[in-house]
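Engineer: So here's protein34.pdb, just PDB, C-alpha atoms:
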```pdb
ATOM      1  CA  MET A  28     -10.930   6.736  19.773
ATOM      2  CA  GLY A  29      -7.594   5.078  18.998
ATOM      3  CA  GLN A  30      -6.900   1.464  19.743
ATOM      4  CA  ALA A  31      -4.202   0.731  22.291
ATOM      5  CA  TYR A  32      -1.691  -2.007  21.586
ATOM      6  CA  SER A  33       0.430  -3.712  24.154
ATOM      7  CA  ILE A  34       4.084  -3.936  23.348
ATOM      8  CA  SER A  35       6.182  -6.749  24.743
ATOM      9  CA  ALA A  36       9.364  -6.249  26.725
ATOM     10  CA  ASP A  37      11.274  -7.210  23.565
ATOM     11  CA  TYR A  38      10.380  -3.821  22.110
ATOM     12  CA  HIS A  39      12.474  -1.979  24.678
ATOM     13  CA  THR A  40      15.497  -4.209  24.311
ATOM     14  CA  LYS A  41      15.509  -4.350  20.525
ATOM     15  CA  ASN A  42      14.621  -0.664  19.882
ATOM     16  CA  VAL A  43      11.903  -1.597  17.400
ATOM     17  CA  ASP A  44       9.567   1.160  16.251
ATOM     18  CA  PRO A  45       6.113   0.536  17.819
ATOM     19  CA  ALA A  46       4.471   1.493  14.517
ATOM     20  CA  LEU A  47       6.213  -1.474  12.879
ATOM     21  CA  ILE A  48       4.949  -3.817  15.563
ATOM     22  CA  ASN A  49       1.418  -2.485  15.176
ATOM     23  CA  GLY A  50       1.701  -2.713  11.399
ATOM     24  CA  SER A  51       2.889  -6.307  11.625
ATOM     25  CA  GLN A  52       0.028  -7.167  13.954
ATOM     26  CA  MET A  53      -2.448  -5.507  11.623
ATOM     27  CA  LEU A  54      -1.052  -7.387   8.625
ATOM     28  CA  GLU A  55      -1.299 -10.728  10.387
ATOM     29  CA  LYS A  56      -4.873  -9.974  11.452
ATOM     30  CA  LEU A  57      -5.784  -8.944   7.895
ATOM     31  CA  LYS A  58      -4.257 -12.130   6.483
ATOM     32  CA  SER A  59      -6.234 -14.229   8.948
ATOM     33  CA  GLN A  60      -9.457 -12.529   7.815
ATOM     34  CA  LEU A  61      -8.937 -13.199   4.088
ATOM     35  CA  LYS A  62     -10.668 -16.574   4.279
ATOM     36  CA  TYR A  63     -13.938 -14.810   5.120
ATOM     37  CA  LEU A  64     -13.960 -12.714   1.934
ATOM     38  CA  SER A  65     -15.818 -13.674  -1.215
ATOM     39  CA  PRO A  66     -13.950 -14.064  -4.515
ATOM     40  CA  SER A  67     -15.296 -10.702  -5.715
ATOM     41  CA  GLN A  68     -14.150  -9.026  -2.488
ATOM     42  CA  LEU A  69     -10.716 -10.593  -2.885
ATOM     43  CA  GLU A  70     -10.529  -9.298  -6.476
ATOM     44  CA  SER A  71     -11.495  -5.832  -5.270
ATOM     45  CA  LEU A  72      -8.836  -5.973  -2.564
ATOM     46  CA  LYS A  73      -6.288  -7.180  -5.106
ATOM     47  CA  GLY A  74      -7.104  -4.224  -7.351
ATOM     48  CA  GLU A  75      -6.698  -1.785  -4.462
ATOM     49  CA  ILE A  76      -3.371  -3.338  -3.485
ATOM     50  CA  ASN A  77      -2.125  -3.162  -7.082
ATOM     51  CA  HIS A  78      -3.200   0.469  -7.287
ATOM     52  CA  GLN A  79      -1.272   1.245  -4.086
ATOM     53  CA  LEU A  80       1.829  -0.528  -5.392
ATOM     54  CA  LYS A  81       1.709   1.004  -8.878
ATOM     55  CA  PRO A  82      -0.513   4.083  -8.939
ATOM     56  CA  GLU A  83      -1.744   4.832 -12.412
ATOM     57  CA  CYS A  84      -0.312   7.925 -13.960
ATOM     58  CA  ASP A  85      -2.950  10.360 -15.210
ATOM     59  CA  GLU A  86      -0.561  11.695 -17.844
ATOM     60  CA  LEU A  87       0.816   9.440 -20.517
ATOM     61  CA  LEU A  88       3.531  11.934 -21.421
ATOM     62  CA  SER A  89       5.261  14.576 -19.350
ATOM     63  CA  SER A  90       5.131  18.211 -20.402
ATOM     64  CA  GLU A  91       8.782  17.966 -21.521
ATOM     65  CA  GLU A  92       7.978  14.971 -23.723
ATOM     66  CA  LEU A  93       5.001  16.793 -25.248
ATOM     67  CA  ASP A  94       7.175  19.840 -25.953
ATOM     68  CA  LEU A  95       9.742  17.640 -27.697
ATOM     69  CA  ILE A  96       7.047  16.052 -29.870
ATOM     70  CA  ARG A  97       5.678  19.485 -30.730
ATOM     71  CA  THR A  98       9.127  20.648 -31.882
ATOM     72  CA  LEU A  99       9.423  17.619 -34.140
ATOM     73  CA  PHE A 100       6.250  18.598 -35.997
ATOM     74  CA  ALA A 101       6.709  22.372 -35.952
TER      75      ALA A 101
END
```
Translate the structure of the given file into structure tokens.

Structural biologist:
Amino acid sequence: MGQAYSISADYHTKNVDPALINGSQMLEKLKSQLKYLSPSQLESLKGEINHQLKPECDELLSSEELDLIRTLFA
């Protein structure tokens, strides 16, 4: 099921969260694999990363902003 990661002795002495170590390892592995992706795959990955960094808001205006606009034209 899950993949086991070995953690060096440094982990115990530096009190580093194992999830951070695993995340760092995963990032480095992902970066090393980028050279195998096509330009269209890289663009797709870029779009997904951008979406994760700045998720699009489904609503352009909040309900409070809409109510304010409605009162201006009432």

Engineer: Please report, as lines of an AutoDock Vina configuration file, the centre and edge lengths in Å to one decimal of an axis-aligned box covering all listed atoms of stretch 64-82 of chain A with 8 Å per side.

Structural biologist:
```
center_x = -7.0
center_y = -5.0
center_z = -3.5
size_x = 33.6
size_y = 34.1
size_z = 26.9
```

Engineer: Could you please determine the separation between atom CA of A:Lys73 and atom CA of A:Gln60 in Å, to one decimal place?

Structural biologist: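 Going from atom CA of A:Lys73 over to atom CA of A:Gln60, I get 14.3 Å.
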
Engineer: Which distance in Å separates atom CA of A:Leu54 and atom CA of A:Pro66, to one decimal?

Structural biologist: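 Computing the Euclidean distance for atom CA of A:Leu54 and atom CA of A:Pro66 yields 19.6 Å.
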
Engineer: Grab the atom CA of A:Ser51 to atom CA of A:His78 distance for me, in Å with one decimal place.

Structural biologist: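 The value is 21.0 Å.
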
Engineer: Check the smallest atom-to-atom distance from each of A:Ile96, A:Leu88, A:Ala101, A:Leu72 to A:Lys58 using only C-alpha atoms, then report the winner.

Structural biologist: A:Leu72
